[in-house]
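J.: Supplied structure: entry23.cif, mmCIF, C-alpha atoms.
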data_final
loop_
_atom_site.label_atom_id
_atom_site.label_comp_id
_atom_site.auth_asym_id
_atom_site.auth_seq_id
_atom_site.Cartn_x
_atom_site.Cartn_y
_atom_site.Cartn_z
CA MET W 5 -43.81 -19.39 92.22
CA ARG W 6 -41.33 -17.89 94.66
CA PHE W 7 -40.63 -14.30 95.64
CA ASP W 8 -37.55 -13.57 97.74
CA VAL W 9 -37.89 -10.19 99.45
CA LEU W 10 -34.83 -8.22 100.58
CA THR W 11 -36.00 -5.91 103.36
CA LEU W 12 -34.67 -4.27 106.49
CA PHE W 13 -38.14 -4.72 108.04
CA PRO W 14 -39.22 -8.33 107.46
CA GLU W 15 -41.63 -8.09 110.40
CA LEU W 16 -43.92 -5.90 108.27
CA PHE W 17 -44.81 -8.88 106.08
CA ALA W 18 -46.12 -11.28 108.74
CA PRO W 19 -49.57 -9.68 109.25
CA PHE W 20 -49.86 -9.00 105.53
CA MET W 21 -49.41 -12.67 104.60
CA ALA W 22 -51.74 -13.88 107.36
CA SER W 23 -54.68 -11.61 106.54
CA GLY W 24 -57.42 -11.51 103.95
CA VAL W 25 -58.33 -13.87 101.16
CA THR W 26 -54.85 -13.83 99.60
CA ARG W 27 -53.42 -15.59 102.67
CA ARG W 28 -54.55 -18.80 100.94
CA ALA W 29 -51.91 -18.26 98.29
CA TYR W 30 -49.13 -17.86 100.87
CA GLU W 31 -50.31 -20.67 103.16
CA SER W 32 -50.53 -23.12 100.25
CA LYS W 33 -47.17 -21.93 98.85
CA GLN W 34 -48.81 -21.17 95.52
CA VAL W 35 -46.97 -17.92 96.08
CA GLU W 36 -43.98 -18.67 98.28
CA VAL W 37 -42.47 -15.65 100.00
CA VAL W 38 -39.00 -15.86 101.58
CA LEU W 39 -37.76 -12.87 103.57
CA TRP W 40 -34.12 -11.79 103.71
CA ASN W 41 -32.62 -9.02 105.83
CA PRO W 42 -29.53 -7.32 104.33
CA ARG W 43 -28.42 -6.48 107.88
CA ASP W 44 -27.67 -10.17 108.37
CA PHE W 45 -25.02 -9.85 105.66
CA ALA W 46 -23.43 -6.59 106.85
CA GLN W 47 -19.93 -6.42 108.27
CA GLY W 48 -18.78 -5.22 111.70
CA ASN W 49 -20.31 -5.16 115.15
CA TYR W 50 -22.97 -2.66 114.17
CA LYS W 51 -24.09 -4.50 111.02
CA ARG W 52 -24.21 -1.24 109.13
CA VAL W 53 -26.27 -1.18 105.95
CA ASP W 54 -26.27 2.56 105.15
CA ASP W 55 -23.86 5.49 105.03
CA ARG W 56 -23.71 9.19 104.16
CA PRO W 57 -23.93 10.07 100.45
CA PHE W 58 -20.81 11.19 98.63
CA GLY W 59 -21.16 14.83 97.65
CA GLY W 60 -23.15 15.64 100.75
CA GLY W 61 -26.87 16.10 101.17
CA PRO W 62 -29.56 14.91 103.58
CA GLY W 63 -30.32 11.34 104.51
CA MET W 64 -28.43 8.11 104.13
CA VAL W 65 -27.88 5.67 101.26
CA MET W 66 -28.14 1.88 101.40
CA MET W 67 -24.72 0.34 100.85
CA ALA W 68 -24.06 -1.93 97.86
CA GLU W 69 -22.11 -4.68 99.63
CA PRO W 70 -24.71 -5.89 102.19
CA LEU W 71 -27.41 -5.83 99.51
CA SER W 72 -25.24 -7.73 97.05
CA ALA W 73 -24.30 -10.38 99.61
CA CYS W 74 -27.93 -10.75 100.61
CA LEU W 75 -28.96 -11.09 96.97
CA ASP W 76 -26.30 -13.75 96.39
CA ALA W 77 -27.71 -15.77 99.29
CA ALA W 78 -31.27 -15.45 98.01
CA LEU W 79 -30.31 -16.54 94.50
CA ALA W 80 -28.28 -19.46 95.86
CA ALA W 81 -31.26 -20.60 97.91
CA ARG W 82 -33.47 -20.44 94.84
CA GLY W 83 -31.00 -22.56 92.94
CA SER W 84 -31.36 -20.55 89.76
CA SER W 85 -31.24 -17.04 88.39
CA ALA W 86 -34.27 -14.79 88.73
CA PRO W 87 -35.37 -11.26 87.86
CA VAL W 88 -34.24 -8.73 90.47
CA VAL W 89 -36.84 -6.02 91.01
CA LEU W 90 -36.14 -2.70 92.72
CA PHE W 91 -39.09 -0.49 93.65
CA SER W 92 -38.12 3.00 92.54
CA PRO W 93 -39.75 6.27 91.36
CA ILE W 94 -37.94 5.93 88.05
CA GLY W 95 -39.36 2.48 87.39
CA GLU W 96 -42.11 1.45 85.02
CA THR W 97 -45.54 2.07 86.53
CA LEU W 98 -47.10 -1.21 87.63
CA ARG W 99 -50.13 -2.03 85.48
CA HIS W 100 -52.48 -4.97 85.04
CA GLU W 101 -50.57 -6.37 82.06
CA ALA W 102 -47.36 -6.54 84.09
CA VAL W 103 -49.17 -8.14 87.04
CA GLU W 104 -50.51 -10.83 84.71
CA ARG W 105 -46.98 -11.52 83.46
CA TRP W 106 -45.62 -11.81 87.00
CA SER W 107 -48.55 -14.02 88.02
CA ALA W 108 -47.61 -16.51 85.30
CA SER W 109 -43.88 -16.40 86.08
CA GLU W 110 -41.66 -18.33 88.48
CA GLY W 111 -41.33 -15.23 90.67
CA ALA W 112 -38.50 -12.82 91.35
CA VAL W 113 -36.28 -11.23 93.97
CA LEU W 114 -37.86 -8.03 95.28
CA VAL W 115 -35.50 -5.38 96.67
CA CYS W 116 -37.06 -2.93 99.13
CA GLY W 117 -35.03 0.26 99.29
CA ARG W 118 -34.98 2.60 102.29
CA TYR W 119 -33.56 6.01 103.27
CA GLU W 120 -32.55 8.26 100.36
CA GLY W 121 -32.09 5.30 98.07
CA VAL W 122 -29.69 2.55 97.06
CA ASP W 123 -26.07 2.86 95.92
CA GLN W 124 -26.29 3.20 92.15
CA ARG W 125 -23.54 0.64 91.62
CA PHE W 126 -25.77 -2.08 93.07
CA ILE W 127 -28.59 -0.98 90.78
CA ASP W 128 -26.35 -0.93 87.71
CA THR W 129 -24.85 -4.37 88.30
CA ARG W 130 -27.56 -6.41 90.02
CA VAL W 131 -31.04 -5.00 89.30
CA THR W 132 -32.87 -6.20 86.18
CA HIS W 133 -36.24 -4.43 86.62
CA GLN W 134 -37.39 -1.23 88.30
CA VAL W 135 -41.05 -0.80 89.22
CA SER W 136 -43.05 2.17 90.50
CA LEU W 137 -46.56 2.36 91.98
CA GLY W 138 -47.02 5.92 90.75
CA ASP W 139 -45.82 9.48 91.01
CA PHE W 140 -45.27 9.63 94.75
CA VAL W 141 -42.59 8.53 97.21
CA LEU W 142 -42.93 5.95 100.00
CA SER W 143 -40.71 5.53 103.07
CA GLY W 144 -39.52 2.23 101.65
CA GLY W 145 -40.19 -0.45 99.09
CA GLU W 146 -42.07 -2.77 101.45
CA ILE W 147 -45.53 -1.38 100.68
CA ALA W 148 -44.79 -1.56 96.96
CA ALA W 149 -43.61 -5.16 97.33
CA MET W 150 -46.81 -6.04 99.19
CA ALA W 151 -48.86 -4.42 96.44
CA LEU W 152 -47.17 -6.57 93.79
CA LEU W 153 -47.48 -9.72 95.90
CA ASP W 154 -51.16 -9.09 96.60
CA ALA W 155 -51.95 -8.38 92.95
CA VAL W 156 -50.14 -11.56 91.88
CA ALA W 157 -51.61 -13.76 94.63
CA ARG W 158 -55.23 -12.92 93.87
CA LEU W 159 -54.79 -14.12 90.28
CA GLN W 160 -53.74 -17.60 91.36
CA PRO W 161 -56.32 -20.42 90.92
CA GLY W 162 -58.46 -21.06 93.98
CA VAL W 163 -57.33 -17.99 95.93
CA LEU W 164 -60.48 -15.94 95.46
CA GLY W 165 -63.79 -17.39 96.56
CA ASP W 166 -65.25 -16.96 93.08
CA GLU W 167 -62.97 -17.77 90.16
CA ALA W 168 -64.78 -15.11 88.10
CA SER W 169 -64.02 -12.33 90.60
CA HIS W 170 -60.76 -11.08 89.15
CA VAL W 171 -62.06 -11.46 85.59
CA GLN W 172 -64.47 -8.59 86.33
CA ASP W 173 -61.77 -6.32 87.75
CA SER W 174 -60.94 -2.94 86.32
CA PHE W 175 -58.29 -3.07 83.57
CA ASN W 176 -58.94 -6.76 82.88
CA PRO W 177 -58.89 -7.75 79.19
CA SER W 178 -62.30 -9.42 79.68
CA LEU W 179 -63.67 -5.91 80.27
CA ASP W 180 -61.67 -4.62 77.32
CA GLY W 181 -59.36 -2.80 79.71
CA LEU W 182 -62.11 -0.52 81.01
CA LEU W 183 -62.82 0.52 84.59
CA ASP W 184 -65.41 -1.55 86.42
CA CYS W 185 -69.02 -0.46 86.94
CA PRO W 186 -70.68 0.52 90.27
CA HIS W 187 -71.95 -2.28 92.52
CA TYR W 188 -74.94 -2.41 94.89
CA THR W 189 -76.18 -4.78 97.60
CA ARG W 190 -78.95 -4.98 100.22
CA PRO W 191 -80.94 -3.11 101.40
CA GLU W 192 -82.72 -2.03 98.24
CA GLN W 193 -83.29 1.42 99.77
CA TRP W 194 -80.59 3.14 101.82
CA ASN W 195 -80.72 6.75 103.03
CA GLY W 196 -83.36 7.52 100.43
CA GLN W 197 -81.27 6.11 97.59
CA GLY W 198 -82.39 3.14 95.55
CA VAL W 199 -80.71 0.59 93.32
CA PRO W 200 -80.72 1.28 89.55
CA ALA W 201 -83.77 -0.35 88.00
CA PRO W 202 -81.92 -2.51 85.44
CA LEU W 203 -80.18 -4.39 88.26
CA LEU W 204 -83.57 -5.34 89.74
CA SER W 205 -85.09 -6.39 86.42
CA GLY W 206 -83.80 -9.95 86.38
CA HIS W 207 -83.18 -9.45 82.66
CA HIS W 208 -79.64 -10.63 81.98
CA VAL W 209 -79.12 -8.78 78.71
CA GLN W 210 -80.49 -5.56 80.17
CA ILE W 211 -78.26 -5.89 83.22
CA GLU W 212 -75.14 -6.50 81.14
CA ARG W 213 -75.94 -3.55 78.85
CA TRP W 214 -76.35 -1.27 81.89
CA ARG W 215 -73.04 -2.45 83.31
CA ARG W 216 -71.28 -1.98 80.01
CA ASP W 217 -72.72 1.52 79.65
CA GLN W 218 -71.56 2.41 83.14
CA ARG W 219 -68.07 1.10 82.46
CA LEU W 220 -67.88 3.15 79.30
CA ALA W 221 -69.16 6.32 80.95
CA ILE W 222 -66.91 6.05 84.00
CA THR W 223 -63.84 5.21 81.94
CA ALA W 224 -64.50 8.06 79.51
CA ALA W 225 -64.84 10.49 82.41
CA ARG W 226 -61.95 9.23 84.55
CA ARG W 227 -59.51 7.51 82.19
CA PRO W 228 -60.08 8.58 78.58
CA ASP W 229 -56.72 7.02 77.71
CA LEU W 230 -58.24 3.59 78.36
CA ILE W 231 -61.10 4.36 75.98
CA ALA W 232 -58.59 5.37 73.33
CA ALA W 233 -56.63 2.15 73.85
CA ALA W 234 -59.77 0.00 73.63
CA ARG W 235 -60.86 1.82 70.47
CA ALA W 236 -57.44 1.42 68.86
CA ALA W 237 -57.56 -2.31 69.65
CA GLY W 238 -60.98 -2.64 68.01
CA ARG W 239 -62.68 -3.60 71.27
CA LEU W 240 -65.53 -1.07 71.12
CA SER W 241 -68.74 -2.01 69.33
CA LYS W 242 -71.08 0.33 67.44
CA ALA W 243 -73.39 0.25 70.47
CA ASP W 244 -70.47 1.27 72.68
CA GLU W 245 -69.66 4.20 70.42
CA VAL W 246 -73.29 5.35 70.53
CA VAL W 247 -73.18 5.32 74.33
CA LEU W 248 -69.92 7.26 74.37
CA LYS W 249 -71.26 9.83 71.94
CA LYS W 250 -74.30 10.42 74.14
CA LYS W 251 -72.21 10.71 77.31
CA LEU W 252 -69.79 13.13 75.67
#
What does the file become when written as structure tokens?

T.:
Amino acid sequence: MRFDVLTLFPELFAPFMASGVTRRAYESKQVEVVLWNPRDFAQGNYKRVDDRPFGGGPGMVMMAEPLSACLDAALAARGSSAPVVLFSPIGETLRHEAVERWSASEGAVLVCGRYEGVDQRFIDTRVTHQVSLGDFVLSGGEIAAMALLDAVARLQPGVLGDEASHVQDSFNPSLDGLLDCPHYTRPEQWNGQGVPAPLLSGHHVQIERWRRDQRLAITAARRPDLIAAARAAGRLSKADEVVLKKKL
């Protein structure tokens, strides 16, 4: 799996790829990341990559030509075509299902925009996917690219210390798409607060029922849309519905 990242700030990625458990994925090249700077493909002494927007207005716009030349070089180095992803507020919100698809793919070219945006002609002719992290605006696409890379890397075999770790994540199909339950660790008493009794019982069935009930209650309170989706997919049992009825 290879991700080519087009960014004006490649130095931002070095500490990201060398830190935390997901560094295993980058060090082993399970997830290969190749950084490209559009400025290296700009013309003139000043290597200009942005200019004022036609029609006036604040800010600058990334120029199509340096981005396109940079993309050509990245695709040539890959030796094959690949999806071209631009991180943009108008893109599809990144969700677990999409992360799973990317994690099973051969990768993509990630385009990190800056300034007021990217010349629309580059988007129309070269971009195949647009992705958003949510309803807010970042200074550039680098943080969004790191979010996608991190989400993909942690799903690769052997990256996490426990192979079951990501299976218990929020939104995972193994949890029927629900939010995860609360977690507790030592000490048993902290600031006058204890650990819920079922977790101390040693009774596996009781523990799993408590966790399921918590997932249902939290999801119903915070993300009722996920409950509706699980119900429509037939993932909720009669016991689940009883719990939800009591909580509601």

J.: Please indicate the distance in Å from atom CA of W:Glu110 to atom CA of W:Met5, rounded to one decimal place.

T.: 4.4 Å

J.: So how many Å separate atom CA of W:Pro200 and atom CA of W:Ala233, to one decimal?

T.: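 Distance reported for this atom pair: 28.8 Å.
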
J.: Since I can't run it myself right now, could you work out what the PyMOL selection byres ((chain W and resi 114) around 8) selects here and report it as a ChimeraX atom specification?

T.: /W:7-10,88-91,112-113,115-116,149

J.: In Å to one decimal, how far is atom CA of W:Ala201 from atom CA of W:Asp180?

T.: 24.9 Å

J.: At a cut-off of 6 Å, using all atoms listed in the file, what residues contact stretch 71-87 of chain W? Leave out same-chain residues fewer than 6 positions from it and give the result as a list in words.

T.: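 The contact residues come out as Pro42, Phe45, Ala112 and Thr132 of chain W.
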
J.: Nearest to W:Lys249: which of W:Ala102, W:Ala221, W:Ala22, W:Ala232 is it, counting only C-alpha atoms?

T.: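 The answer is W:Ala221, which sits nearest to W:Lys249.
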
J.: For each of W:Val199, W:Leu230, W:Val141, W:Ala46, take the minimum atom-to-atom distance to W:Gly181, counting all atoms listed in the file, then give the residue where this is smallest.

T.: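 Using all atoms listed in the file, the shortest distance to W:Gly181 belongs to W:Leu230.
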
J.: Pick out the closest residue to W:Asn176 from this set: W:Leu220, W:Val103, W:Leu203, W:Met150. Count only C-alpha atoms.

T.: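 The answer is W:Val103, which sits nearest to W:Asn176.
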
J.: Quick one: which residues end up in the PyMOL selection byres ((chain W and resi 144) around 6) for this structure, as a ChimeraX atom specification?

T.: /W:117-118,142-143,145-146

J.: Neighbouring residues of W:Leu153 were defined as those with any atom within 12 Å, considering only C-alpha atoms; residues of the same chain fewer than 2 positions away were excluded. Please report them as a ChimeraX atom specification.

T.: /W:5-9,17,20-21,26-27,29-30,34-38,98,103-104,106-107,111-114,146-151,155-160

J.: Determine the residue set returned by the PyMOL selection byres ((chain W and resi 202) around 12) for the present structure, and present it as a count of residues only.

T.: 21

J.: I'd like the neighbourhood of W:Arg52 as a ChimeraX atom specification, where a residue qualifies if any of its atoms comes within 9 Å (using all atoms listed in the file), though same-chain residues fewer than 6 positions away should be ignored.

T.: /W:43,46,67,70

J.: Counting all atoms listed in the file, figure out which residue out of W:Pro177, W:Pro191, W:Gly162, W:Pro14 gets nearest to W:His100.

T.: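 Answer, going by the shortest atom-to-atom distance: W:Pro177.
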